[in-house]
Every structure is written in C-alpha cells, then in structure tokens.
>>> print(open('data33.pdb').read())   # PDB, C-alpha atoms
ATOM      1  CA  MET A   1      21.218  46.297  58.713  1.00  0.00           C
ATOM      2  CA  ARG A   2      17.600  45.249  58.368  1.00  0.00           C
ATOM      3  CA  ARG A   3      17.180  47.357  55.247  1.00  0.00           C
ATOM      4  CA  THR A   4      20.362  45.907  53.719  1.00  0.00           C
ATOM      5  CA  GLY A   5      19.210  42.338  54.454  1.00  0.00           C
ATOM      6  CA  LEU A   6      15.768  43.027  52.961  1.00  0.00           C
ATOM      7  CA  MET A   7      17.326  44.409  49.800  1.00  0.00           C
ATOM      8  CA  ALA A   8      19.515  41.325  49.445  1.00  0.00           C
ATOM      9  CA  VAL A   9      16.491  39.026  49.762  1.00  0.00           C
ATOM     10  CA  THR A  10      14.586  41.099  47.210  1.00  0.00           C
ATOM     11  CA  VAL A  11      17.434  40.884  44.682  1.00  0.00           C
ATOM     12  CA  THR A  12      17.652  37.133  45.176  1.00  0.00           C
ATOM     13  CA  VAL A  13      13.905  36.657  44.571  1.00  0.00           C
ATOM     14  CA  ILE A  14      14.011  38.788  41.434  1.00  0.00           C
ATOM     15  CA  THR A  15      16.972  36.783  40.132  1.00  0.00           C
ATOM     16  CA  VAL A  16      15.169  33.455  40.686  1.00  0.00           C
ATOM     17  CA  ILE A  17      12.022  34.707  38.955  1.00  0.00           C
ATOM     18  CA  ALA A  18      14.071  35.911  35.986  1.00  0.00           C
ATOM     19  CA  MET A  19      15.724  32.497  35.688  1.00  0.00           C
ATOM     20  CA  ILE A  20      12.344  30.725  35.738  1.00  0.00           C
ATOM     21  CA  VAL A  21      10.856  33.024  33.106  1.00  0.00           C
ATOM     22  CA  SER A  22      13.926  32.619  30.934  1.00  0.00           C
ATOM     23  CA  GLY A  23      13.708  28.809  31.149  1.00  0.00           C
ATOM     24  CA  CYS A  24      10.015  28.760  30.208  1.00  0.00           C
ATOM     25  CA  SER A  25      10.430  30.999  27.181  1.00  0.00           C
ATOM     26  CA  LYS A  26      13.033  29.057  25.183  1.00  0.00           C
ATOM     27  CA  PRO A  27      12.466  29.414  21.465  1.00  0.00           C
ATOM     28  CA  GLU A  28      10.728  26.553  19.620  1.00  0.00           C
ATOM     29  CA  SER A  29      13.881  26.012  17.590  1.00  0.00           C
ATOM     30  CA  ALA A  30      15.591  24.684  20.692  1.00  0.00           C
ATOM     31  CA  LYS A  31      13.207  21.737  20.898  1.00  0.00           C
ATOM     32  CA  PRO A  32      14.236  18.417  19.321  1.00  0.00           C
ATOM     33  CA  ARG A  33      12.973  18.215  15.717  1.00  0.00           C
ATOM     34  CA  ALA A  34      13.583  14.548  15.063  1.00  0.00           C
ATOM     35  CA  ALA A  35       9.860  13.795  15.174  1.00  0.00           C
ATOM     36  CA  GLU A  36       9.250  16.488  12.550  1.00  0.00           C
ATOM     37  CA  GLU A  37      11.487  14.997   9.881  1.00  0.00           C
ATOM     38  CA  PRO A  38       9.624  13.666   6.807  1.00  0.00           C
ATOM     39  CA  GLY A  39      10.380  10.017   7.520  1.00  0.00           C
ATOM     40  CA  ALA A  40       9.201  10.209  11.112  1.00  0.00           C
ATOM     41  CA  ARG A  41       5.563  11.114  10.478  1.00  0.00           C
ATOM     42  CA  ALA A  42       2.961   8.515   9.647  1.00  0.00           C
ATOM     43  CA  GLY A  43       2.079   8.898   5.994  1.00  0.00           C
ATOM     44  CA  ALA A  44       4.786  11.494   5.452  1.00  0.00           C
ATOM     45  CA  VAL A  45       6.207  11.872   1.987  1.00  0.00           C
ATOM     46  CA  GLY A  46       9.762  12.578   1.058  1.00  0.00           C
ATOM     47  CA  ALA A  47      10.977  13.913  -2.267  1.00  0.00           C
ATOM     48  CA  GLY A  48       8.822  11.453  -4.151  1.00  0.00           C
ATOM     49  CA  GLY A  49       6.948   8.678  -2.423  1.00  0.00           C
ATOM     50  CA  ALA A  50       4.324   8.135   0.200  1.00  0.00           C
ATOM     51  CA  GLY A  51       6.243   6.788   3.171  1.00  0.00           C
ATOM     52  CA  ALA A  52       7.966   3.613   2.014  1.00  0.00           C
ATOM     53  CA  ASN A  53      10.579   4.171   4.728  1.00  0.00           C
ATOM     54  CA  LEU A  54       7.968   3.599   7.449  1.00  0.00           C
ATOM     55  CA  ARG A  55       8.140  -0.159   6.995  1.00  0.00           C
ATOM     56  CA  SER A  56      11.020  -2.444   6.278  1.00  0.00           C
ATOM     57  CA  ASP A  57      11.443  -4.097   2.910  1.00  0.00           C
ATOM     58  CA  ALA A  58      11.010  -7.501   4.544  1.00  0.00           C
ATOM     59  CA  ASP A  59       7.620  -6.623   6.026  1.00  0.00           C
ATOM     60  CA  PHE A  60       6.414  -5.139   2.756  1.00  0.00           C
ATOM     61  CA  VAL A  61       7.494  -8.161   0.729  1.00  0.00           C
ATOM     62  CA  ARG A  62       5.887 -10.563   3.165  1.00  0.00           C
ATOM     63  CA  ASP A  63       2.581  -8.666   3.187  1.00  0.00           C
ATOM     64  CA  VAL A  64       2.195  -8.334  -0.568  1.00  0.00           C
ATOM     65  CA  ALA A  65       3.353 -11.904  -1.193  1.00  0.00           C
ATOM     66  CA  ILE A  66       0.724 -13.226   1.209  1.00  0.00           C
ATOM     67  CA  LYS A  67      -1.952 -11.199  -0.565  1.00  0.00           C
ATOM     68  CA  GLN A  68      -0.856 -12.537  -3.933  1.00  0.00           C
ATOM     69  CA  LEU A  69      -0.850 -16.109  -2.646  1.00  0.00           C
ATOM     70  CA  ALA A  70      -4.331 -15.639  -1.204  1.00  0.00           C
ATOM     71  CA  GLY A  71      -5.593 -14.207  -4.487  1.00  0.00           C
ATOM     72  CA  ILE A  72      -4.201 -17.151  -6.426  1.00  0.00           C
ATOM     73  CA  GLU A  73      -5.901 -19.588  -4.055  1.00  0.00           C
ATOM     74  CA  LEU A  74      -9.301 -17.906  -4.431  1.00  0.00           C
ATOM     75  CA  SER A  75      -8.999 -17.721  -8.220  1.00  0.00           C
ATOM     76  CA  ARG A  76      -8.040 -21.374  -8.522  1.00  0.00           C
ATOM     77  CA  MET A  77     -11.134 -22.149  -6.502  1.00  0.00           C
ATOM     78  CA  ALA A  78     -13.183 -20.013  -8.899  1.00  0.00           C
ATOM     79  CA  LEU A  79     -11.875 -22.023 -11.846  1.00  0.00           C
ATOM     80  CA  GLU A  80     -13.648 -25.024 -10.322  1.00  0.00           C
ATOM     81  CA  LYS A  81     -16.731 -23.499  -8.703  1.00  0.00           C
ATOM     82  CA  ALA A  82     -17.730 -20.349 -10.600  1.00  0.00           C
ATOM     83  CA  THR A  83     -20.912 -20.680 -12.659  1.00  0.00           C
ATOM     84  CA  SER A  84     -20.135 -17.792 -15.005  1.00  0.00           C
ATOM     85  CA  PRO A  85     -17.798 -18.455 -17.954  1.00  0.00           C
ATOM     86  CA  GLN A  86     -16.699 -14.798 -17.808  1.00  0.00           C
ATOM     87  CA  ILE A  87     -15.736 -15.147 -14.174  1.00  0.00           C
ATOM     88  CA  LYS A  88     -13.787 -18.315 -14.893  1.00  0.00           C
ATOM     89  CA  THR A  89     -11.896 -16.549 -17.667  1.00  0.00           C
ATOM     90  CA  PHE A  90     -11.185 -13.655 -15.313  1.00  0.00           C
ATOM     91  CA  ALA A  91     -10.009 -16.074 -12.616  1.00  0.00           C
ATOM     92  CA  GLN A  92      -7.567 -17.655 -15.062  1.00  0.00           C
ATOM     93  CA  THR A  93      -6.174 -14.212 -15.889  1.00  0.00           C
ATOM     94  CA  LEU A  94      -5.756 -13.454 -12.187  1.00  0.00           C
ATOM     95  CA  VAL A  95      -3.897 -16.689 -11.549  1.00  0.00           C
ATOM     96  CA  ALA A  96      -1.490 -16.019 -14.407  1.00  0.00           C
ATOM     97  CA  ASP A  97      -0.916 -12.362 -13.528  1.00  0.00           C
ATOM     98  CA  GLN A  98      -0.420 -12.959  -9.815  1.00  0.00           C
ATOM     99  CA  GLU A  99       1.898 -15.921 -10.344  1.00  0.00           C
ATOM    100  CA  THR A 100       3.999 -13.743 -12.646  1.00  0.00           C
ATOM    101  CA  ALA A 101       4.007 -10.913 -10.105  1.00  0.00           C
ATOM    102  CA  LEU A 102       5.137 -13.295  -7.374  1.00  0.00           C
ATOM    103  CA  GLU A 103       7.983 -14.648  -9.474  1.00  0.00           C
ATOM    104  CA  ASN A 104       9.111 -11.139 -10.379  1.00  0.00           C
ATOM    105  CA  LEU A 105       9.067 -10.075  -6.727  1.00  0.00           C
ATOM    106  CA  LYS A 106      11.001 -13.170  -5.705  1.00  0.00           C
ATOM    107  CA  THR A 107      13.611 -12.344  -8.329  1.00  0.00           C
ATOM    108  CA  ALA A 108      13.809  -8.737  -7.114  1.00  0.00           C
ATOM    109  CA  VAL A 109      14.708  -9.806  -3.574  1.00  0.00           C
ATOM    110  CA  SER A 110      16.829 -12.789  -4.525  1.00  0.00           C
ATOM    111  CA  GLY A 111      19.884 -13.129  -2.302  1.00  0.00           C
ATOM    112  CA  GLN A 112      18.451 -10.919   0.422  1.00  0.00           C
ATOM    113  CA  PRO A 113      17.660 -12.177   3.957  1.00  0.00           C
ATOM    114  CA  ILE A 114      13.917 -11.801   3.418  1.00  0.00           C
ATOM    115  CA  GLU A 115      11.610 -14.587   4.591  1.00  0.00           C
ATOM    116  CA  TRP A 116       9.282 -15.748   1.828  1.00  0.00           C
ATOM    117  CA  PRO A 117       5.819 -16.906   2.973  1.00  0.00           C
ATOM    118  CA  ALA A 118       4.885 -20.443   2.017  1.00  0.00           C
ATOM    119  CA  GLU A 119       1.123 -19.888   2.211  1.00  0.00           C
ATOM    120  CA  PRO A 120      -1.515 -17.260   3.048  1.00  0.00           C
ATOM    121  CA  ASP A 121      -1.895 -16.250   6.672  1.00  0.00           C
ATOM    122  CA  GLU A 122      -4.712 -17.340   8.995  1.00  0.00           C
ATOM    123  CA  LYS A 123      -7.016 -14.464   8.044  1.00  0.00           C
ATOM    124  CA  HIS A 124      -6.839 -15.272   4.333  1.00  0.00           C
ATOM    125  CA  ARG A 125      -7.170 -19.011   4.947  1.00  0.00           C
ATOM    126  CA  LYS A 126     -10.389 -18.347   6.856  1.00  0.00           C
ATOM    127  CA  ASN A 127     -11.715 -16.228   4.005  1.00  0.00           C
ATOM    128  CA  ALA A 128     -10.931 -19.034   1.573  1.00  0.00           C
ATOM    129  CA  GLY A 129     -12.680 -21.551   3.829  1.00  0.00           C
ATOM    130  CA  ASP A 130     -15.797 -19.396   4.012  1.00  0.00           C
ATOM    131  CA  LEU A 131     -15.866 -18.977   0.234  1.00  0.00           C
ATOM    132  CA  ALA A 132     -15.447 -22.714  -0.332  1.00  0.00           C
ATOM    133  CA  LYS A 133     -18.765 -23.309   1.458  1.00  0.00           C
ATOM    134  CA  LEU A 134     -20.728 -21.333  -1.130  1.00  0.00           C
ATOM    135  CA  GLU A 135     -22.227 -22.551  -4.386  1.00  0.00           C
ATOM    136  CA  GLY A 136     -23.665 -21.096  -7.581  1.00  0.00           C
ATOM    137  CA  GLY A 137     -24.442 -17.409  -7.736  1.00  0.00           C
ATOM    138  CA  ASP A 138     -23.541 -16.921  -4.082  1.00  0.00           C
ATOM    139  CA  PHE A 139     -20.028 -18.135  -4.814  1.00  0.00           C
ATOM    140  CA  ASP A 140     -19.690 -15.916  -7.879  1.00  0.00           C
ATOM    141  CA  ARG A 141     -20.832 -12.842  -5.942  1.00  0.00           C
ATOM    142  CA  ASP A 142     -18.576 -13.367  -2.936  1.00  0.00           C
ATOM    143  CA  TYR A 143     -15.606 -14.310  -5.080  1.00  0.00           C
ATOM    144  CA  LEU A 144     -15.794 -11.002  -6.949  1.00  0.00           C
ATOM    145  CA  LYS A 145     -16.215  -9.121  -3.675  1.00  0.00           C
ATOM    146  CA  GLY A 146     -13.141 -10.890  -2.338  1.00  0.00           C
ATOM    147  CA  VAL A 147     -11.132  -9.989  -5.434  1.00  0.00           C
ATOM    148  CA  ILE A 148     -12.103  -6.327  -5.130  1.00  0.00           C
ATOM    149  CA  ALA A 149     -11.366  -6.094  -1.411  1.00  0.00           C
ATOM    150  CA  GLY A 150      -8.086  -7.985  -1.685  1.00  0.00           C
ATOM    151  CA  HIS A 151      -6.839  -5.947  -4.626  1.00  0.00           C
ATOM    152  CA  GLN A 152      -7.838  -2.662  -3.017  1.00  0.00           C
ATOM    153  CA  ASP A 153      -5.745  -3.583   0.008  1.00  0.00           C
ATOM    154  CA  LEU A 154      -2.879  -4.657  -2.254  1.00  0.00           C
ATOM    155  CA  ALA A 155      -3.068  -1.442  -4.298  1.00  0.00           C
ATOM    156  CA  ALA A 156      -2.984   0.676  -1.147  1.00  0.00           C
ATOM    157  CA  LYS A 157       0.225  -1.036  -0.048  1.00  0.00           C
ATOM    158  CA  LEU A 158       1.777  -0.684  -3.482  1.00  0.00           C
ATOM    159  CA  GLU A 159       1.062   3.052  -3.441  1.00  0.00           C
ATOM    160  CA  SER A 160       3.387   3.424  -0.455  1.00  0.00           C
ATOM    161  CA  ARG A 161       6.252   2.545  -2.823  1.00  0.00           C
ATOM    162  CA  LEU A 162       5.295   4.856  -5.682  1.00  0.00           C
ATOM    163  CA  ASP A 163       6.186   8.383  -6.709  1.00  0.00           C
ATOM    164  CA  VAL A 164       3.258  10.545  -5.625  1.00  0.00           C
ATOM    165  CA  GLN A 165       3.222  12.893  -8.628  1.00  0.00           C
ATOM    166  CA  SER A 166       3.350  10.134 -11.238  1.00  0.00           C
ATOM    167  CA  LEU A 167       0.650   8.209  -9.379  1.00  0.00           C
ATOM    168  CA  SER A 168      -1.646  11.228  -9.490  1.00  0.00           C
ATOM    169  CA  GLU A 169      -0.957  11.724 -13.201  1.00  0.00           C
ATOM    170  CA  TRP A 170      -1.633   8.059 -13.928  1.00  0.00           C
ATOM    171  CA  LYS A 171      -4.955   8.087 -12.073  1.00  0.00           C
ATOM    172  CA  THR A 172      -6.046  11.223 -13.905  1.00  0.00           C
ATOM    173  CA  ALA A 173      -5.122   9.767 -17.293  1.00  0.00           C
ATOM    174  CA  ALA A 174      -6.772   6.431 -16.544  1.00  0.00           C
ATOM    175  CA  ALA A 175     -10.012   8.114 -15.487  1.00  0.00           C
ATOM    176  CA  GLY A 176      -9.995  10.278 -18.614  1.00  0.00           C
ATOM    177  CA  ARG A 177      -9.569   7.304 -20.945  1.00  0.00           C
ATOM    178  CA  THR A 178     -12.173   5.084 -19.371  1.00  0.00           C
ATOM    179  CA  GLN A 179     -14.926   4.475 -21.888  1.00  0.00           C
ATOM    180  CA  SER A 180     -16.701   1.783 -19.881  1.00  0.00           C
ATOM    181  CA  LYS A 181     -16.593   0.664 -16.252  1.00  0.00           C
ATOM    182  CA  ALA A 182     -13.117  -0.799 -16.696  1.00  0.00           C
ATOM    183  CA  LEU A 183      -9.752   0.930 -17.031  1.00  0.00           C
ATOM    184  CA  PRO A 184      -7.842   0.826 -20.323  1.00  0.00           C
ATOM    185  CA  GLU A 185      -5.300  -1.957 -20.648  1.00  0.00           C
ATOM    186  CA  PRO A 186      -2.310  -0.807 -18.541  1.00  0.00           C
ATOM    187  CA  THR A 187       0.302  -2.551 -20.710  1.00  0.00           C
ATOM    188  CA  SER A 188      -0.885  -1.047 -23.989  1.00  0.00           C
ATOM    189  CA  GLN A 189      -3.227   1.929 -23.770  1.00  0.00           C
ATOM    190  CA  MET A 190      -1.437   3.457 -20.767  1.00  0.00           C
ATOM    191  CA  ARG A 191       2.163   3.172 -21.954  1.00  0.00           C
ATOM    192  CA  ASP A 192       2.637   6.916 -22.313  1.00  0.00           C
ATOM    193  CA  VAL A 193       1.599   7.621 -18.711  1.00  0.00           C
ATOM    194  CA  GLN A 194       3.528   5.390 -16.355  1.00  0.00           C
ATOM    195  CA  VAL A 195       3.627   5.094 -12.603  1.00  0.00           C
ATOM    196  CA  ARG A 196       7.157   5.697 -11.354  1.00  0.00           C
ATOM    197  CA  PRO A 197       8.710   3.999  -8.322  1.00  0.00           C
ATOM    198  CA  ASP A 198       9.606   6.076  -5.297  1.00  0.00           C
ATOM    199  CA  ARG A 199      13.270   6.977  -5.019  1.00  0.00           C
ATOM    200  CA  ALA A 200      15.303   4.710  -2.747  1.00  0.00           C
ATOM    201  CA  ASN A 201      18.730   4.608  -1.116  1.00  0.00           C
ATOM    202  CA  THR A 202      19.461   0.907  -1.560  1.00  0.00           C
ATOM    203  CA  GLU A 203      19.517  -1.430  -4.539  1.00  0.00           C
ATOM    204  CA  THR A 204      17.035  -3.836  -2.950  1.00  0.00           C
ATOM    205  CA  THR A 205      14.524  -1.128  -2.109  1.00  0.00           C
ATOM    206  CA  THR A 206      14.884   0.269  -5.626  1.00  0.00           C
ATOM    207  CA  LYS A 207      14.033  -3.138  -7.103  1.00  0.00           C
ATOM    208  CA  ILE A 208      11.043  -3.573  -4.791  1.00  0.00           C
ATOM    209  CA  ASN A 209       9.720  -0.112  -5.622  1.00  0.00           C
ATOM    210  CA  SER A 210      10.136  -0.795  -9.335  1.00  0.00           C
ATOM    211  CA  TRP A 211       8.185  -4.022  -8.924  1.00  0.00           C
ATOM    212  CA  ALA A 212       5.402  -2.098  -7.169  1.00  0.00           C
ATOM    213  CA  ALA A 213       5.257   0.397 -10.046  1.00  0.00           C
ATOM    214  CA  GLU A 214       4.911  -2.437 -12.572  1.00  0.00           C
ATOM    215  CA  THR A 215       2.293  -4.275 -10.532  1.00  0.00           C
ATOM    216  CA  TYR A 216       0.077  -1.357  -9.521  1.00  0.00           C
ATOM    217  CA  PRO A 217      -1.663  -0.664 -12.876  1.00  0.00           C
ATOM    218  CA  ILE A 218      -2.428  -4.356 -13.312  1.00  0.00           C
ATOM    219  CA  ALA A 219      -3.919  -4.578  -9.816  1.00  0.00           C
ATOM    220  CA  GLN A 220      -6.130  -1.580 -10.575  1.00  0.00           C
ATOM    221  CA  LYS A 221      -7.235  -3.190 -13.832  1.00  0.00           C
ATOM    222  CA  HIS A 222      -8.229  -6.321 -11.917  1.00  0.00           C
ATOM    223  CA  ILE A 223     -10.334  -4.233  -9.528  1.00  0.00           C
ATOM    224  CA  ASP A 224     -12.194  -2.530 -12.340  1.00  0.00           C
ATOM    225  CA  THR A 225     -12.749  -5.767 -14.253  1.00  0.00           C
ATOM    226  CA  ALA A 226     -14.155  -7.417 -11.127  1.00  0.00           C
ATOM    227  CA  ARG A 227     -16.499  -4.462 -10.611  1.00  0.00           C
ATOM    228  CA  THR A 228     -17.667  -4.711 -14.216  1.00  0.00           C
ATOM    229  CA  LEU A 229     -18.444  -8.408 -13.767  1.00  0.00           C
ATOM    230  CA  GLU A 230     -20.115  -7.712 -10.429  1.00  0.00           C
ATOM    231  CA  ASN A 231     -22.441  -5.162 -12.031  1.00  0.00           C
ATOM    232  CA  ALA A 232     -23.162  -7.188 -15.163  1.00  0.00           C
ATOM    233  CA  PRO A 233     -26.736  -8.448 -15.730  1.00  0.00           C
ATOM    234  CA  LYS A 234     -27.528 -11.679 -13.950  1.00  0.00           C
ATOM    235  CA  GLY A 235     -27.744 -14.923 -15.870  1.00  0.00           C
ATOM    236  CA  ARG A 236     -24.461 -14.386 -17.664  1.00  0.00           C
TER     237      ARG A 236
END
>>> encode(input="data33.pdb", output="structure tokens")
Amino acid sequence: MRRTGLMAVTVTVITVIAMIVSGCSKPESAKPRAAEEPGARAGAVGAGGAGANLRSDADFVRDVAIKQLAGIELSRMALEKATSPQIKTFAQTLVADQETALENLKTAVSGQPIEWPAEPDEKHRKNAGDLAKLEGGDFDRDYLKGVIAGHQDLAAKLESRLDVQSLSEWKTAAAGRTQSKALPEPTSQMRDVQVRPDRANTETTTKINSWAAETYPIAQKHIDTARTLENAPKGR
C-alpha cells in the first residue's frame, strides 16, 4: 500500500512539472502581435510613408498651421525692423509663400471637423515677443535663426506625410544640383524629381498628404536661403 501511494504521488508531481514546463515554453507566435504591426511602432513606415497614421489629421493640421502663422508673424516683423534689404525681400517672399500654403491647407480640409487655429500658440508668441525687443544686426541675426529653426521643425513634420523613397530621391537630386549654398528652385529646376505624398485610406488624409508634398520643397528652399543670408558677409 505504501509503495502504491508513493507511486501515485510521484506520477502526480511529474504531471504538474510537465504542465508548468509546457506553459512556459509556448512558441513566440502565440504572443499577441498587435504591437508589432507597422502602424503601432513609433516612426514605423508602411508601404510608403513615415508614420502619418501615428497622429490624427486634426493634430497635424493644427500643428503645421500654427507654425505657418508664427512664421508669417515673424516675417511681417522683419519687413519693419530688418536692416538688410536682402532680408526684407526674403521676409516678403516668406509671407507670400506661407499665406498661400495656409490657404491651400484650409481648402484641403474644408468641410471637415478640424479646428483651425486663430493665432500662434504661447511658445511662438513668446519667441515673437523676444525678437521684437531686438534692433539692428541683432534682430537680423535672430530672425534668420528663427526662420531656420521654425522651418526645420515644419519640414520634419511634413516628412511624416511623404513617401519615403521619393523623399530620399528628391534630397539626393537637390544635393547634386546645388551650385551654391541654396537649393535649386523647387518649382522649376526640380520639376523632374518630385516628392510624392504618402498613400492614405481617406480622401481628407490624401489631400493633406498632397499638400505636404507640395509644401515640403518650398520649406527646404526657405531654410537654405536663410542659411545663405546668415552666412553672407556683414554690412549687406
């Protein structure tokens, strides 16, 4: 009887151990894979673009519109306070280009429940207030720095709505054609190499991505022009 009881206990223990080992050695394929899907990883890319699905259309529109509004405000200030005629001319170009971009974006999202910002946010208003305190060469220098920083941030956000391959091709072509410190004109000399919008599943997102593809080369041109002016000899 004792031996029979001991054997029963032994079988039970072996069975429990086997169940534990079996539970701990489930294949990786049994684990949920939702977090591994392309749209679930930060910075993940799908068939074309660089993660436009990570943020809603409304958030994207609000962010880029605020940046455009802030850029217009700074450039209007430069029209009054800049000491360099070249910088004033550049500021006028920025105002015109960014006002056009804003109108085109507003048209793209017309009829959609997307809140349109009425003015720049607190951060950009503070930057404008700090710039307004400067005069002469100090104003010119900080204005150009502000243009470069603001457009770099804008360009980075636009890239999230672009086709990755076409973006790479455009950058390569632009770098190869640069004869000075500024990019070729995007609307003329870069017509044969165009940035394509990321593919989208909705009409609104398609329009927004197309707007980003149209705006991106111009934003990059503004960055390079500002850098050229920043590095120009003093006493312009």
>>> axis_aligned_box(input="data33.pdb", around="segment 71-75 of chain A", padding_each_side="3 Å", output="JSON")
{"center_x": -6.8, "center_y": -16.9, "center_z": -6.1, "size_x": 11.1, "size_y": 11.4, "size_z": 10.2}
>>> closest_residue(input="data33.pdb", among="A:Ala212, A:Ile114, A:Leu144, A:Ala173", to="Ile87 of chain A", atoms="only C-alpha atoms")
A:Leu144
>>> closest_residue(input="data33.pdb", among="A:Glu230, A:Leu74, A:Pro113, A:Pro217", to="Glu185 of chain A", atoms="all atoms listed in the file")
A:Pro217
>>> residues_around(input="data33.pdb", residues="Trp211 of chain A", least_positions_apart="3", cutoff="12 Å", atoms="all atoms listed in the file", output="number ranges by chain")
A: 60-61, 64, 100-109, 158-159, 161-162, 195-198, 204-208, 214-218
>>> write_last_selection(input="data33.pdb", atoms="C-alpha atoms", output="PDB file, in the frame of the given file")
ATOM      1  CA  PHE A  60       6.414  -5.139   2.756  1.00  0.00           C
ATOM      2  CA  VAL A  61       7.494  -8.161   0.729  1.00  0.00           C
ATOM      3  CA  VAL A  64       2.195  -8.334  -0.568  1.00  0.00           C
ATOM      4  CA  THR A 100       3.999 -13.743 -12.646  1.00  0.00           C
ATOM      5  CA  ALA A 101       4.007 -10.913 -10.105  1.00  0.00           C
ATOM      6  CA  LEU A 102       5.137 -13.295  -7.374  1.00  0.00           C
ATOM      7  CA  GLU A 103       7.983 -14.648  -9.474  1.00  0.00           C
ATOM      8  CA  ASN A 104       9.111 -11.139 -10.379  1.00  0.00           C
ATOM      9  CA  LEU A 105       9.067 -10.075  -6.727  1.00  0.00           C
ATOM     10  CA  LYS A 106      11.001 -13.170  -5.705  1.00  0.00           C
ATOM     11  CA  THR A 107      13.611 -12.344  -8.329  1.00  0.00           C
ATOM     12  CA  ALA A 108      13.809  -8.737  -7.114  1.00  0.00           C
ATOM     13  CA  VAL A 109      14.708  -9.806  -3.574  1.00  0.00           C
ATOM     14  CA  LEU A 158       1.777  -0.684  -3.482  1.00  0.00           C
ATOM     15  CA  GLU A 159       1.062   3.052  -3.441  1.00  0.00           C
ATOM     16  CA  ARG A 161       6.252   2.545  -2.823  1.00  0.00           C
ATOM     17  CA  LEU A 162       5.295   4.856  -5.682  1.00  0.00           C
ATOM     18  CA  VAL A 195       3.627   5.094 -12.603  1.00  0.00           C
ATOM     19  CA  ARG A 196       7.157   5.697 -11.354  1.00  0.00           C
ATOM     20  CA  PRO A 197       8.710   3.999  -8.322  1.00  0.00           C
ATOM     21  CA  ASP A 198       9.606   6.076  -5.297  1.00  0.00           C
ATOM     22  CA  THR A 204      17.035  -3.836  -2.950  1.00  0.00           C
ATOM     23  CA  THR A 205      14.524  -1.128  -2.109  1.00  0.00           C
ATOM     24  CA  THR A 206      14.884   0.269  -5.626  1.00  0.00           C
ATOM     25  CA  LYS A 207      14.033  -3.138  -7.103  1.00  0.00           C
ATOM     26  CA  ILE A 208      11.043  -3.573  -4.791  1.00  0.00           C
ATOM     27  CA  GLU A 214       4.911  -2.437 -12.572  1.00  0.00           C
ATOM     28  CA  THR A 215       2.293  -4.275 -10.532  1.00  0.00           C
ATOM     29  CA  TYR A 216       0.077  -1.357  -9.521  1.00  0.00           C
ATOM     30  CA  PRO A 217      -1.663  -0.664 -12.876  1.00  0.00           C
ATOM     31  CA  ILE A 218      -2.428  -4.356 -13.312  1.00  0.00           C
TER      32      ILE A 218
END
>>> closest_residue(input="data33.pdb", among="A:Leu69, A:Val147, A:Val193, A:Ala213", to="Ala91 of chain A", atoms="all atoms listed in the file")
A:Val147
>>> atom_distance(input="data33.pdb", atom1="atom CA of Lys145 of chain A", atom2="atom CA of Thr172 of chain A")
24.9 Å
>>> closest_residue(input="data33.pdb", among="A:Gln220, A:Gln194, A:Asn231, A:Ser84", to="Asp163 of chain A", atoms="only C-alpha atoms")
A:Gln194
>>> decode(input="data33.pdb", residues="segment 140-151 of chain A", atoms="N, CA and C atoms", output="short mmCIF file (atom, residue, chain, number, x, y, z; two decimals), in the first residue's frame")
data_model
loop_
_atom_site.label_atom_id
_atom_site.label_comp_id
_atom_site.auth_asym_id
_atom_site.auth_seq_id
_atom_site.Cartn_x
_atom_site.Cartn_y
_atom_site.Cartn_z
N ASP A 140 18.34 91.07 -37.17
CA ASP A 140 18.55 90.33 -38.41
C ASP A 140 19.05 88.91 -38.12
N ARG A 141 20.03 88.81 -37.23
CA ARG A 141 20.63 87.51 -36.91
C ARG A 141 19.61 86.57 -36.29
N ASP A 142 18.88 87.05 -35.29
CA ASP A 142 17.93 86.17 -34.60
C ASP A 142 16.71 85.86 -35.45
N TYR A 143 16.35 86.77 -36.34
CA TYR A 143 15.24 86.49 -37.24
C TYR A 143 15.58 85.31 -38.16
N LEU A 144 16.78 85.35 -38.74
CA LEU A 144 17.19 84.26 -39.63
C LEU A 144 17.30 82.94 -38.87
N LYS A 145 17.81 83.00 -37.64
CA LYS A 145 17.89 81.79 -36.82
C LYS A 145 16.49 81.24 -36.55
N GLY A 146 15.55 82.14 -36.30
CA GLY A 146 14.18 81.72 -36.05
C GLY A 146 13.54 81.09 -37.28
N VAL A 147 13.83 81.66 -38.45
CA VAL A 147 13.31 81.10 -39.70
C VAL A 147 13.85 79.69 -39.91
N ILE A 148 15.14 79.51 -39.69
CA ILE A 148 15.76 78.20 -39.90
C ILE A 148 15.19 77.17 -38.93
N ALA A 149 15.14 77.52 -37.66
CA ALA A 149 14.63 76.57 -36.66
C ALA A 149 13.16 76.23 -36.91
N GLY A 150 12.36 77.25 -37.20
CA GLY A 150 10.94 77.02 -37.43
C GLY A 150 10.68 76.17 -38.67
N HIS A 151 11.42 76.43 -39.73
CA HIS A 151 11.23 75.66 -40.96
C HIS A 151 11.78 74.24 -40.84
#
